[in-house]
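Peer 1: Structure file upload.csv, CSV, C-alpha atoms (C1' of nucleotides), is pasted below:
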```csv
chain,number,residue,atom,x,y,z
R,1,MET,CA,16.3,-14.2,-10.0
R,2,ALA,CA,13.3,-12.2,-11.0
R,3,ALA,CA,14.5,-9.2,-9.0
R,4,VAL,CA,14.1,-5.7,-10.4
R,5,ASP,CA,16.6,-2.8,-10.4
R,6,LEU,CA,15.1,-0.3,-8.0
R,7,ASN,CA,17.1,2.5,-9.6
R,8,SER,CA,14.7,2.3,-12.5
R,9,HIS,CA,11.7,2.9,-10.2
R,10,PRO,CA,10.9,6.6,-9.9
R,11,GLY,CA,9.1,6.0,-6.5
R,12,HIS,CA,12.3,4.6,-5.0
R,13,LEU,CA,14.4,7.4,-6.4
R,14,ALA,CA,11.9,10.0,-5.1
R,15,ARG,CA,12.2,8.6,-1.6
R,16,ARG,CA,15.9,8.5,-1.7
R,17,LEU,CA,16.0,12.1,-3.0
R,18,GLN,CA,13.8,13.2,-0.1
R,19,GLN,CA,16.0,11.4,2.4
R,20,ALA,CA,19.1,13.1,1.0
R,21,HIS,CA,17.4,16.4,1.2
R,22,HIS,CA,16.2,15.8,4.7
R,23,LEU,CA,19.7,15.0,5.8
R,24,LEU,CA,21.1,18.2,4.3
R,25,TRP,CA,18.3,20.3,5.7
R,26,ASN,CA,19.0,19.1,9.2
R,27,THR,CA,22.6,19.9,9.0
R,28,MET,CA,22.5,23.1,7.0
R,29,VAL,CA,19.1,24.8,7.7
R,30,SER,CA,17.5,23.8,11.0
R,31,GLU,CA,16.8,21.0,13.3
R,32,GLU,CA,13.9,22.8,14.8
R,33,ILE,CA,11.8,23.8,11.8
R,34,THR,CA,11.3,21.2,9.0
R,35,SER,CA,10.9,21.8,5.3
R,36,PRO,CA,7.1,21.4,5.2
R,37,GLN,CA,6.9,23.8,8.2
R,38,PHE,CA,9.0,26.3,6.3
R,39,ALA,CA,6.7,25.9,3.3
R,40,VAL,CA,3.7,26.9,5.5
R,41,LEU,CA,5.5,29.9,6.9
R,42,ASN,CA,6.5,30.9,3.4
R,43,THR,CA,2.9,30.7,2.1
R,44,LEU,CA,1.7,32.9,4.9
R,45,VAL,CA,4.4,35.5,4.2
R,46,ALA,CA,3.0,35.7,0.7
R,47,GLU,CA,-0.7,35.6,1.7
R,48,PRO,CA,-1.3,36.4,5.3
R,49,GLY,CA,-4.6,35.5,6.8
R,50,LEU,CA,-5.2,32.5,4.6
R,51,ASP,CA,-7.4,29.7,6.0
R,52,GLN,CA,-5.9,26.4,7.0
R,53,ARG,CA,-7.3,24.3,4.2
R,54,THR,CA,-6.0,26.7,1.5
R,55,VAL,CA,-2.6,26.8,3.0
R,56,GLY,CA,-2.5,23.0,2.9
R,57,GLU,CA,-3.5,23.2,-0.8
R,58,ARG,CA,-0.7,25.7,-1.6
R,59,VAL,CA,2.0,23.5,0.0
R,60,GLY,CA,0.5,20.2,-1.0
R,61,LEU,CA,-0.6,18.8,2.4
R,62,ASP,CA,-4.0,17.2,3.1
R,63,ARG,CA,-6.3,18.5,5.8
R,64,SER,CA,-5.1,16.1,8.5
R,65,THR,CA,-1.4,16.8,7.9
R,66,ILE,CA,-1.7,20.5,7.6
R,67,ALA,CA,-3.6,20.5,11.0
R,68,GLU,CA,-0.6,18.8,12.7
R,69,VAL,CA,2.0,21.0,11.1
R,70,VAL,CA,0.0,24.1,12.0
R,71,SER,CA,-0.5,23.0,15.6
R,72,ARG,CA,3.3,22.5,16.0
R,73,LEU,CA,4.0,25.9,14.5
R,74,ILE,CA,1.5,27.4,16.9
R,75,ARG,CA,2.9,25.5,19.9
R,76,ARG,CA,6.3,27.1,19.1
R,77,GLY,CA,4.9,30.5,18.7
R,78,TYR,CA,5.4,31.1,15.0
R,79,LEU,CA,1.7,31.2,14.1
R,80,ASP,CA,-1.7,32.5,15.3
R,81,LYS,CA,-5.0,30.9,14.5
R,82,VAL,CA,-8.3,32.7,14.8
R,83,ARG,CA,-11.8,31.7,13.7
R,84,ASP,CA,-13.0,33.5,10.6
R,85,PRO,CA,-15.8,35.9,11.8
R,86,GLN,CA,-17.3,35.6,8.2
R,87,ASP,CA,-17.3,31.8,8.2
R,88,GLY,CA,-17.3,29.9,11.5
R,89,ARG,CA,-15.9,26.8,9.8
R,90,ARG,CA,-12.6,28.4,8.9
R,91,TYR,CA,-9.5,29.1,10.9
R,92,LEU,CA,-7.4,32.0,9.6
R,93,LEU,CA,-3.7,31.8,10.0
R,94,ARG,CA,-1.2,34.6,10.5
R,95,LEU,CA,2.5,34.7,11.2
R,96,THR,CA,3.7,36.1,14.5
R,97,ASP,CA,6.7,38.4,14.6
R,98,GLU,CA,8.7,35.4,15.7
R,99,GLY,CA,7.4,33.5,12.8
R,100,LEU,CA,8.4,36.3,10.4
R,101,ARG,CA,11.9,36.4,11.9
R,102,ALA,CA,12.2,32.6,11.5
R,103,HIS,CA,11.1,32.8,7.9
R,104,ARG,CA,13.7,35.4,7.1
R,105,LYS,CA,16.5,33.4,8.7
R,106,LEU,CA,15.5,30.2,7.0
R,107,THR,CA,15.1,31.8,3.6
R,108,VAL,CA,18.9,32.6,3.6
R,109,ARG,CA,19.8,29.2,4.8
R,110,THR,CA,17.6,27.3,2.4
R,111,ALA,CA,19.1,29.2,-0.5
R,112,ARG,CA,22.6,28.2,0.7
R,113,MET,CA,21.4,24.6,1.1
R,114,ASN,CA,19.9,24.4,-2.3
R,115,GLN,CA,23.2,25.6,-3.8
R,116,VAL,CA,25.0,22.7,-2.1
R,117,PHE,CA,22.2,20.2,-3.0
R,118,LEU,CA,22.2,21.1,-6.7
R,119,ALA,CA,26.0,21.6,-6.9
R,120,PRO,CA,26.5,18.4,-9.0
R,121,LEU,CA,24.2,19.9,-11.8
R,122,SER,CA,25.0,22.6,-14.3
R,123,ALA,CA,22.6,25.5,-14.8
R,124,GLU,CA,20.8,23.9,-17.7
R,125,GLU,CA,20.6,20.6,-15.9
R,126,ARG,CA,19.0,22.3,-12.9
R,127,THR,CA,16.3,23.8,-15.1
R,128,LEU,CA,15.8,20.4,-16.6
R,129,PHE,CA,15.7,18.8,-13.2
R,130,PHE,CA,12.9,21.1,-12.0
R,131,SER,CA,10.9,20.8,-15.1
R,132,LEU,CA,11.0,17.1,-15.5
R,133,ILE,CA,10.0,16.5,-11.9
R,134,GLN,CA,7.2,19.1,-12.2
R,135,ARG,CA,5.8,17.6,-15.4
R,136,VAL,CA,5.7,14.1,-13.8
R,137,THR,CA,4.1,15.4,-10.6
R,138,ASP,CA,1.6,17.6,-12.4
R,139,ALA,CA,0.5,14.8,-14.7
R,140,ALA,CA,0.0,12.4,-11.8
R,141,ASP,CA,-2.0,15.0,-9.9
R,142,GLU,CA,-4.3,15.3,-12.9
R,143,LEU,CA,-5.0,11.6,-12.9
R,144,ARG,CA,-6.7,12.2,-9.6
R,145,SER,CA,-9.0,15.1,-10.5
R,146,PRO,CA,-9.4,14.7,-14.3
R,147,ALA,CA,-10.1,18.1,-15.9
R,148,ASP,CA,-11.7,20.0,-13.1
R,149,ASP,CA,-11.5,23.2,-15.2
R,150,LEU,CA,-13.7,21.6,-17.9
R,151,VAL,CA,-16.5,20.9,-15.5
R,152,ALA,CA,-17.3,24.4,-14.4
R,153,HIS,CA,-20.9,23.8,-15.4
R,154,PRO,CA,-22.2,20.6,-13.9
C,1,MET,CA,6.7,40.2,0.4
C,2,ALA,CA,10.0,38.3,0.9
C,3,ALA,CA,8.3,35.0,0.0
C,4,VAL,CA,10.1,32.4,-2.0
C,5,ASP,CA,8.9,30.3,-5.0
C,6,LEU,CA,8.7,26.8,-3.5
C,7,ASN,CA,8.9,25.3,-7.0
C,8,SER,CA,12.6,26.3,-7.1
C,9,HIS,CA,13.2,24.2,-4.0
C,10,PRO,CA,14.2,20.7,-4.7
C,11,GLY,CA,13.1,19.4,-1.3
C,12,HIS,CA,9.6,20.6,-1.9
C,13,LEU,CA,9.5,19.1,-5.4
C,14,ALA,CA,10.9,15.8,-4.1
C,15,ARG,CA,8.1,15.7,-1.5
C,16,ARG,CA,5.4,16.4,-4.1
C,17,LEU,CA,6.9,13.8,-6.4
C,18,GLN,CA,6.7,11.2,-3.7
C,19,GLN,CA,3.1,12.1,-2.9
C,20,ALA,CA,2.1,11.8,-6.5
C,21,HIS,CA,3.8,8.4,-6.7
C,22,HIS,CA,2.2,7.3,-3.5
C,23,LEU,CA,-1.2,8.1,-4.9
C,24,LEU,CA,-0.6,6.2,-8.1
C,25,TRP,CA,0.8,3.2,-6.2
C,26,ASN,CA,-2.2,2.9,-4.0
C,27,THR,CA,-4.6,2.9,-7.0
C,28,MET,CA,-2.5,0.9,-9.5
C,29,VAL,CA,-0.3,-1.5,-7.5
C,30,SER,CA,-1.5,-2.3,-4.0
C,31,GLU,CA,-3.2,-0.9,-0.9
C,32,GLU,CA,-1.7,-3.7,1.2
C,33,ILE,CA,1.9,-3.6,0.3
C,34,THR,CA,3.7,-0.3,0.2
C,35,SER,CA,6.6,0.8,-2.1
C,36,PRO,CA,9.3,0.4,0.6
C,37,GLN,CA,7.9,-3.0,1.5
C,38,PHE,CA,8.2,-4.0,-2.1
C,39,ALA,CA,11.8,-2.8,-2.1
C,40,VAL,CA,12.5,-5.1,0.8
C,41,LEU,CA,10.9,-8.1,-0.9
C,42,ASN,CA,12.7,-7.4,-4.1
C,43,THR,CA,16.1,-7.2,-2.3
C,44,LEU,CA,15.4,-10.6,-0.7
C,45,VAL,CA,14.5,-12.1,-4.0
C,46,ALA,CA,17.9,-11.1,-5.3
C,47,GLU,CA,19.8,-12.0,-2.1
C,48,PRO,CA,17.9,-14.5,0.1
C,49,GLY,CA,19.1,-14.8,3.7
C,50,LEU,CA,20.5,-11.3,4.0
C,51,ASP,CA,20.6,-9.9,7.5
C,52,GLN,CA,18.3,-7.1,8.5
C,53,ARG,CA,20.8,-4.2,8.6
C,54,THR,CA,22.1,-5.0,5.1
C,55,VAL,CA,18.6,-5.2,3.6
C,56,GLY,CA,18.1,-1.7,5.1
C,57,GLU,CA,21.2,-0.5,3.6
C,58,ARG,CA,20.3,-1.9,0.1
C,59,VAL,CA,16.9,-0.1,0.1
C,60,GLY,CA,18.0,3.0,2.0
C,61,LEU,CA,16.3,2.6,5.3
C,62,ASP,CA,17.9,3.1,8.7
C,63,ARG,CA,18.0,0.5,11.4
C,64,SER,CA,14.8,1.6,13.1
C,65,THR,CA,12.7,1.9,10.0
C,66,ILE,CA,13.8,-1.4,8.5
C,67,ALA,CA,12.8,-3.1,11.7
C,68,GLU,CA,9.3,-1.8,11.5
C,69,VAL,CA,8.9,-2.6,7.8
C,70,VAL,CA,10.2,-6.1,8.4
C,71,SER,CA,7.9,-6.7,11.3
C,72,ARG,CA,4.9,-5.7,9.2
C,73,LEU,CA,6.0,-8.1,6.4
C,74,ILE,CA,6.5,-10.9,8.9
C,75,ARG,CA,3.1,-10.2,10.5
C,76,ARG,CA,1.5,-10.6,7.1
C,77,GLY,CA,3.4,-13.8,6.4
C,78,TYR,CA,5.7,-12.6,3.6
C,79,LEU,CA,9.0,-13.0,5.5
C,80,ASP,CA,10.7,-15.3,7.9
C,81,LYS,CA,13.3,-14.1,10.4
C,82,VAL,CA,15.9,-16.4,12.1
C,83,ARG,CA,18.9,-15.7,14.3
C,84,ASP,CA,22.2,-16.2,12.5
C,85,PRO,CA,23.8,-19.3,14.1
C,86,GLN,CA,27.2,-17.8,13.1
C,87,ASP,CA,26.5,-14.4,14.7
C,88,GLY,CA,23.9,-14.1,17.5
C,89,ARG,CA,23.5,-10.4,16.9
C,90,ARG,CA,22.1,-10.8,13.4
C,91,TYR,CA,18.7,-11.8,12.1
C,92,LEU,CA,18.6,-13.5,8.7
C,93,LEU,CA,15.6,-12.7,6.5
C,94,ARG,CA,14.0,-15.0,3.9
C,95,LEU,CA,10.9,-14.8,1.8
C,96,THR,CA,8.1,-17.2,2.3
C,97,ASP,CA,6.3,-18.7,-0.7
C,98,GLU,CA,3.6,-16.2,-0.1
C,99,GLY,CA,6.2,-13.4,-0.2
C,100,LEU,CA,7.6,-14.7,-3.4
C,101,ARG,CA,4.1,-14.8,-5.0
C,102,ALA,CA,3.4,-11.3,-3.8
C,103,HIS,CA,6.7,-10.1,-5.3
C,104,ARG,CA,5.9,-11.6,-8.7
C,105,LYS,CA,2.5,-10.1,-8.8
C,106,LEU,CA,3.7,-6.7,-7.7
C,107,THR,CA,6.6,-6.7,-10.2
C,108,VAL,CA,4.1,-6.8,-13.0
C,109,ARG,CA,1.9,-4.1,-11.5
C,110,THR,CA,4.8,-1.7,-10.7
C,111,ALA,CA,6.1,-2.0,-14.2
C,112,ARG,CA,2.6,-0.9,-15.5
C,113,MET,CA,2.5,1.9,-12.9
C,114,ASN,CA,5.9,3.2,-13.9
C,115,GLN,CA,4.7,3.4,-17.5
C,116,VAL,CA,1.8,5.6,-16.5
C,117,PHE,CA,3.9,7.7,-14.1
C,118,LEU,CA,6.5,8.4,-16.7
C,119,ALA,CA,4.1,8.8,-19.5
C,120,PRO,CA,4.6,12.6,-19.8
C,121,LEU,CA,8.3,12.0,-20.6
C,122,SER,CA,10.0,10.8,-23.7
C,123,ALA,CA,12.5,8.0,-23.7
C,124,GLU,CA,15.5,10.4,-23.5
C,125,GLU,CA,13.8,12.5,-20.9
C,126,ARG,CA,13.3,9.4,-18.7
C,127,THR,CA,16.9,8.6,-18.8
C,128,LEU,CA,17.7,12.1,-17.9
C,129,PHE,CA,15.2,12.1,-15.2
C,130,PHE,CA,16.8,9.1,-13.6
C,131,SER,CA,20.3,10.2,-13.9
C,132,LEU,CA,19.8,13.8,-12.6
C,133,ILE,CA,18.0,12.5,-9.5
C,134,GLN,CA,20.6,9.9,-8.9
C,135,ARG,CA,23.5,12.3,-9.3
C,136,VAL,CA,22.0,14.7,-6.8
C,137,THR,CA,21.1,11.9,-4.3
C,138,ASP,CA,24.5,10.3,-4.6
C,139,ALA,CA,26.3,13.6,-4.1
C,140,ALA,CA,24.3,14.4,-1.0
C,141,ASP,CA,24.9,10.9,0.4
C,142,GLU,CA,28.6,11.4,0.1
C,143,LEU,CA,28.5,14.6,2.1
C,144,ARG,CA,27.5,12.4,5.0
C,145,SER,CA,30.3,9.8,4.8
C,146,PRO,CA,33.1,11.6,2.9
C,147,ALA,CA,35.2,9.1,1.0
C,148,ASP,CA,34.7,6.0,3.1
C,149,ASP,CA,36.7,4.0,0.5
C,150,LEU,CA,39.8,6.1,1.0
C,151,VAL,CA,39.9,5.4,4.7
C,152,ALA,CA,40.4,1.6,4.5
C,153,HIS,CA,43.4,2.0,6.8
C,154,PRO,CA,42.5,4.0,9.9
G,1,DC,C1',-37.7,29.1,6.2
G,2,DA,C1',-36.6,24.5,7.0
G,3,DG,C1',-33.8,21.0,5.8
G,4,DC,C1',-30.1,18.9,3.3
G,5,DA,C1',-25.7,18.9,0.9
G,6,DA,C1',-21.2,20.8,0.8
G,7,DT,C1',-17.3,22.6,3.3
G,8,DC,C1',-13.9,23.1,7.3
G,9,DG,C1',-11.8,21.2,10.8
G,10,DT,C1',-10.8,17.1,14.3
G,11,DC,C1',-9.8,12.4,15.6
G,12,DA,C1',-8.3,7.5,15.2
G,13,DG,C1',-5.7,4.4,12.8
G,14,DT,C1',-1.8,3.0,9.8
G,15,DG,C1',2.7,3.5,7.8
G,16,DC,C1',7.4,5.8,6.7
G,17,DG,C1',11.6,8.1,8.5
G,18,DC,C1',15.0,9.9,11.7
G,19,DT,C1',17.8,10.3,16.3
G,20,DG,C1',19.4,8.9,20.8
G,21,DA,C1',19.6,5.6,24.4
G,22,DG,C1',19.9,0.9,25.9
G,23,DT,C1',20.8,-4.4,25.5
G,24,DA,C1',23.0,-8.4,23.7
G,25,DT,C1',26.7,-10.4,21.1
G,26,DC,C1',31.1,-10.6,19.0
G,27,DT,C1',36.1,-9.6,18.1
G,28,DG,C1',40.7,-8.2,18.7
G,29,DG,C1',44.4,-6.9,21.6
G,30,DA,C1',46.8,-6.4,26.3
H,1,DT,C1',41.8,-14.9,29.0
H,2,DC,C1',39.4,-11.1,29.8
H,3,DC,C1',37.8,-6.7,28.7
H,4,DA,C1',37.1,-2.7,25.6
H,5,DG,C1',35.3,-1.3,21.5
H,6,DA,C1',32.5,-2.3,17.5
H,7,DT,C1',28.2,-4.2,15.8
H,8,DA,C1',23.1,-5.7,15.4
H,9,DC,C1',18.9,-5.0,17.1
H,10,DT,C1',15.2,-2.8,20.1
H,11,DC,C1',12.6,1.0,22.2
H,12,DA,C1',11.0,5.7,23.0
H,13,DG,C1',10.1,10.0,21.0
H,14,DC,C1',9.2,13.2,17.3
H,15,DG,C1',7.5,14.5,12.8
H,16,DC,C1',5.3,13.8,8.0
H,17,DA,C1',1.5,11.7,5.2
H,18,DC,C1',-2.8,9.4,4.0
H,19,DT,C1',-7.8,7.5,4.6
H,20,DG,C1',-12.2,7.2,6.8
H,21,DA,C1',-15.5,8.7,10.2
H,22,DC,C1',-17.3,12.4,12.7
H,23,DG,C1',-19.1,17.1,14.3
H,24,DA,C1',-20.0,22.0,13.4
H,25,DT,C1',-21.2,25.6,10.3
H,26,DT,C1',-22.8,27.4,6.1
H,27,DG,C1',-25.5,28.1,2.0
H,28,DC,C1',-28.7,26.6,-1.4
H,29,DT,C1',-33.1,25.1,-2.7
H,30,DG,C1',-37.7,23.6,-2.4
```
For this file, produce the structure as structure tokens.
Peer 2:
Amino acid sequence: MAAVDLNSHPGHLARRLQQAHHLLWNTMVSEEITSPQFAVLNTLVAEPGLDQRTVGERVGLDRSTIAEVVSRLIRRGYLDKVRDPQDGRRYLLRLTDEGLRAHRKLTVRTARMNQVFLAPLSAEERTLFFSLIQRVTDAADELRSPADDLVAHP
Amino acid sequence: MAAVDLNSHPGHLARRLQQAHHLLWNTMVSEEITSPQFAVLNTLVAEPGLDQRTVGERVGLDRSTIAEVVSRLIRRGYLDKVRDPQDGRRYLLRLTDEGLRAHRKLTVRTARMNQVFLAPLSAEERTLFFSLIQRVTDAADELRSPADDLVAHP
DNA sequence: CAGCAATCGTCAGTGCGCTGAGTATCTGGA
DNA sequence: TCCAGATACTCAGCGCACTGACGATTGCTG
């Protein structure tokens, strides 16, 4: 009766999009390393020796989740974790050779997968796809921390 | 060095979009009932007495996950579950009065939340947003079960 | 310089999401 | 009629994701 069409609910669509992606990732990229794990490796390729919290911030994972992801990557030998001698609260993260090799292999495969995933869209549509999602996400993120940059002098 | 821009990875963006949505849902809709739980309630408003597997199919949850979601909804008194007298393998699901009330309340709130969530987009952009995501998702889903409808005579 | 607030990380608890293995039930064909 | 395959559900195991509470370390300030 008063039921709603879930296809007009962005949250529902976001979930389905992620599921579809997860499926494709598993078949085309890796069953070992997940997409968030790849994101962590990728961040550490760009900025080796980053601390755990900052890595989490770069890839969009909270302190608890990044801890779990990192511990799995360490368990599998892709990462090293050492205490920061300058600041005993921090752990500094660095890729192992194995981790670097894994990142190289996965970079190729994810590129292929993204091609397949985005195949239904034209070039302009892909650009639109990215920018629409990013605008919505960024706006929602700012609702959490309203105008941090304007409060540099508290 | 060989690091990639994660913002050109649809999987990464999908995850961030869902996170942003989750955040807004918690603050604007409910901390009790989650978005997938609402999807289940909504499906049963439209089609009361559906069996568990079919509900899962409607909202896009596999057999294991729908079982957990349903059990939580039952525990909180929103759902009833009875064996199908016609087919002893099935469980038939039905909303309680409490479940119906919850659905009504959440319908209003989700509508408000979607307004806020999509606020950065114009009307045409919203339409585009929905259709782009849906086209990508549908295409990926078909890679799993290629042309089921053409195999009606195996 | 002593103490207190901020910061980094861990842990417990809850919930979503998937696969693979196992059980009960049903259905169609030899 | 009986059994072999399909179907519905459960359970165990893994992984992502968040909050709130906690302990350790640091750094600022009185």
Peer 1: Between chain H and chain C, at 12 Å or less, what are the per-residue closest atom pairs and their distances in Å? Count all atoms listed in the file, order by chain and rising residue number, and return it as JSON lines.
Peer 2:
```
{"residue": "H:DT7", "atom": "C1'", "partner": "C:Arg89", "partner_atom": "CA", "distance": 7.9}
{"residue": "H:DA8", "atom": "C1'", "partner": "C:Arg89", "partner_atom": "CA", "distance": 4.9}
{"residue": "H:DC9", "atom": "C1'", "partner": "C:Arg89", "partner_atom": "CA", "distance": 7.1}
{"residue": "H:DT10", "atom": "C1'", "partner": "C:Ser64", "partner_atom": "CA", "distance": 8.3}
{"residue": "H:DC11", "atom": "C1'", "partner": "C:Ser64", "partner_atom": "CA", "distance": 9.4}
{"residue": "H:DA12", "atom": "C1'", "partner": "C:Ser64", "partner_atom": "CA", "distance": 11.4}
{"residue": "H:DC16", "atom": "C1'", "partner": "C:Arg15", "partner_atom": "CA", "distance": 10.1}
{"residue": "H:DA17", "atom": "C1'", "partner": "C:Gln19", "partner_atom": "CA", "distance": 8.3}
{"residue": "H:DC18", "atom": "C1'", "partner": "C:Leu23", "partner_atom": "CA", "distance": 9.1}
{"residue": "H:DT19", "atom": "C1'", "partner": "C:Glu31", "partner_atom": "CA", "distance": 11.0}
```
Peer 1: Taking the point (-9.1, 4.7, 13.5) as given in the file, collect each protein or nucleic acid residue that comes within 9 Å of it, counting all atoms listed in the file, and present the set as a CSV table (one decimal) with C-alpha atoms (C1' of nucleotides), in the coordinates of the input.
Peer 2:
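out.csv written:
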```csv
chain,number,residue,atom,x,y,z
G,11,DC,C1',-9.8,12.4,15.6
G,12,DA,C1',-8.3,7.5,15.2
G,13,DG,C1',-5.7,4.4,12.8
G,14,DT,C1',-1.8,3.0,9.8
H,20,DG,C1',-12.2,7.2,6.8
H,21,DA,C1',-15.5,8.7,10.2
```
Peer 1: When you look at Ala39 in chain C with a cut-off of 9 Å (counting only C-alpha atoms (C1' of nucleotides)), what residues show up, excluding the ones that are within fewer than 4 positions of it in the same chain? I need them as an NGL selection string.
Peer 2: (:R and (6 or 12)) or (:C and (34-35 or 43-44 or 58-59))
Peer 1: Output as CSV one row per residue of chain C within 6 Å of chain R: the closest atom pair and its distance in Å to one decimal place, counting all atoms listed in the file, sorted by chain and residue number ascending.
Peer 2:
```
residue,atom,partner,partner_atom,distance
C:Met1,CA,R:Ala46,CA,5.8
C:Ala3,CA,R:Ala46,CA,5.4
C:Gly11,CA,R:His21,CA,5.8
C:Ala14,CA,R:Gln18,CA,5.6
C:Leu17,CA,R:Thr137,CA,5.3
C:Gln18,CA,R:Ala14,CA,5.5
C:Ala20,CA,R:Ala140,CA,5.7
C:His21,CA,R:Gly11,CA,5.8
C:Asn42,CA,R:Ala3,CA,5.5
C:Val45,CA,R:Ala3,CA,5.8
C:Ala46,CA,R:Ala3,CA,5.4
C:Thr137,CA,R:Leu17,CA,5.3
C:Ala140,CA,R:Ala20,CA,5.7
```
Peer 1: Counting all atoms listed in the file, figure out which residue out of C:Ser122, C:Arg109, C:Asp97, C:Leu92 gets nearest to Ile33 in chain C.
Peer 2: C:Arg109
Peer 1: Rank R:Thr96, R:Gln115, R:Thr65, R:Gln37 by their smallest atom-to-atom distance to chain G, using only C-alpha atoms (C1' of nucleotides), and report the top residue only.
Peer 2: R:Thr65
Peer 1: Would you mind telling me which residue in G:DA21, G:DC16, G:DC4, G:DA30 lies nearest to chain C when using only C-alpha atoms (C1' of nucleotides)?
Peer 2: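 Smallest distance to chain C is found for G:DC16.
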Peer 1: Which distance in Å separates C1' of DC14 in chain H and CA of Ile66 in chain R, to one decimal?
Peer 2: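 Rounded to one decimal, the two atoms are 16.3 Å apart.
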Peer 1: As a list in words, please: the residues near DG28 in chain G (cut-off 12 Å, all atoms listed in the file, same-chain neighbours under 4 positions excluded).
Peer 2: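 The contact residues come out as DC2, DC3, DA4, DG5 and DA6 of chain H.
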Peer 1: So the first atom is CA of Arg83 in chain C and the second is C1' of DG17 in chain G; what is the distance between them in Å, to one decimal place?
Peer 2: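 Between CA of Arg83 in chain C and C1' of DG17 in chain G the gap is 25.6 Å.
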Peer 1: Counting all atoms listed in the file, give me one row per residue of chain G with an atom at most 8 Å from an atom of chain R, showing the shortest contact pair and its distance in Å to one decimal, sorted by chain then residue number, as a Markdown table.
Peer 2:
```
| residue | atom | partner | partner_atom | distance |
| --- | --- | --- | --- | --- |
| G:DT7 | C1' | R:Arg89 | CA | 7.9 |
| G:DC8 | C1' | R:Arg89 | CA | 4.9 |
| G:DG9 | C1' | R:Arg89 | CA | 7.0 |
```
Peer 1: Please report the interatomic distance between C1' of DT26 in chain H and C1' of DT10 in chain G in Å with one decimal.
Peer 2: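 If I compute the distance from C1' of DT26 in chain H to C1' of DT10 in chain G, I get 17.8 Å.
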Peer 1: Under the rule that all atoms listed in the file are counted, which of C:Asn26, C:Leu79, C:Val55, C:Glu68 is the nearest residue to DG15 in chain G?
Peer 2: C:Glu68
Peer 1: Fewer than 4 positions away in the same chain doesn't count, so skip those; otherwise give me all residues within 8 Å of Arg94 in chain R, counting all atoms listed in the file, as a PDB file with C-alpha atoms, in the frame of the given file.
Peer 2:
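File result.pdb, as written:
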```pdb
ATOM      1  CA  LEU R  44       1.700  32.900   4.900  1.00  0.00           C
ATOM      2  CA  PRO R  48      -1.300  36.400   5.300  1.00  0.00           C
ATOM      3  CA  GLY R  49      -4.600  35.500   6.800  1.00  0.00           C
ATOM      4  CA  LEU R  50      -5.200  32.500   4.600  1.00  0.00           C
ATOM      5  CA  LEU R  79       1.700  31.200  14.100  1.00  0.00           C
ATOM      6  CA  ASP R  80      -1.700  32.500  15.300  1.00  0.00           C
ATOM      7  CA  LYS R  81      -5.000  30.900  14.500  1.00  0.00           C
TER       8      LYS R  81
END
```
Peer 1: What lies within 12 Å of DT29 in chain H using only C-alpha atoms (C1' of nucleotides), ignoring chain neighbours under 6 positions off, as a list in words?
Peer 2: DC1, DA2, DG3, DC4 and DA5 of chain G
Peer 1: Could range 27-37 of chain R be completed with N, CA and C atoms and returned as a CSV table (one decimal), in the coordinates of the input?
Peer 2:
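Below you can see part_37.csv, which holds the result:
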```csv
chain,number,residue,atom,x,y,z
R,27,THR,N,21.3,19.4,8.7
R,27,THR,CA,22.6,19.9,9.0
R,27,THR,C,22.8,21.4,8.6
R,28,MET,N,22.2,21.8,7.5
R,28,MET,CA,22.5,23.1,7.0
R,28,MET,C,21.4,24.2,7.3
R,29,VAL,N,20.2,23.8,7.6
R,29,VAL,CA,19.1,24.8,7.7
R,29,VAL,C,18.6,24.9,9.2
R,30,SER,N,18.0,23.8,9.6
R,30,SER,CA,17.5,23.8,11.0
R,30,SER,C,17.1,22.4,11.5
R,31,GLU,N,17.3,22.2,12.7
R,31,GLU,CA,16.8,21.0,13.3
R,31,GLU,C,15.5,21.2,14.0
R,32,GLU,N,15.1,22.5,14.1
R,32,GLU,CA,13.9,22.8,14.8
R,32,GLU,C,12.7,22.8,13.8
R,33,ILE,N,12.9,23.6,12.8
R,33,ILE,CA,11.8,23.8,11.8
R,33,ILE,C,12.1,22.9,10.6
R,34,THR,N,11.1,22.2,10.2
R,34,THR,CA,11.3,21.2,9.0
R,34,THR,C,10.9,21.9,7.7
R,35,SER,N,11.2,21.2,6.6
R,35,SER,CA,10.9,21.8,5.3
R,35,SER,C,9.4,22.0,5.1
R,36,PRO,N,8.5,21.1,5.4
R,36,PRO,CA,7.1,21.4,5.2
R,36,PRO,C,6.7,22.6,6.1
R,37,GLN,N,7.2,22.7,7.3
R,37,GLN,CA,6.9,23.8,8.2
R,37,GLN,C,7.3,25.1,7.5
```
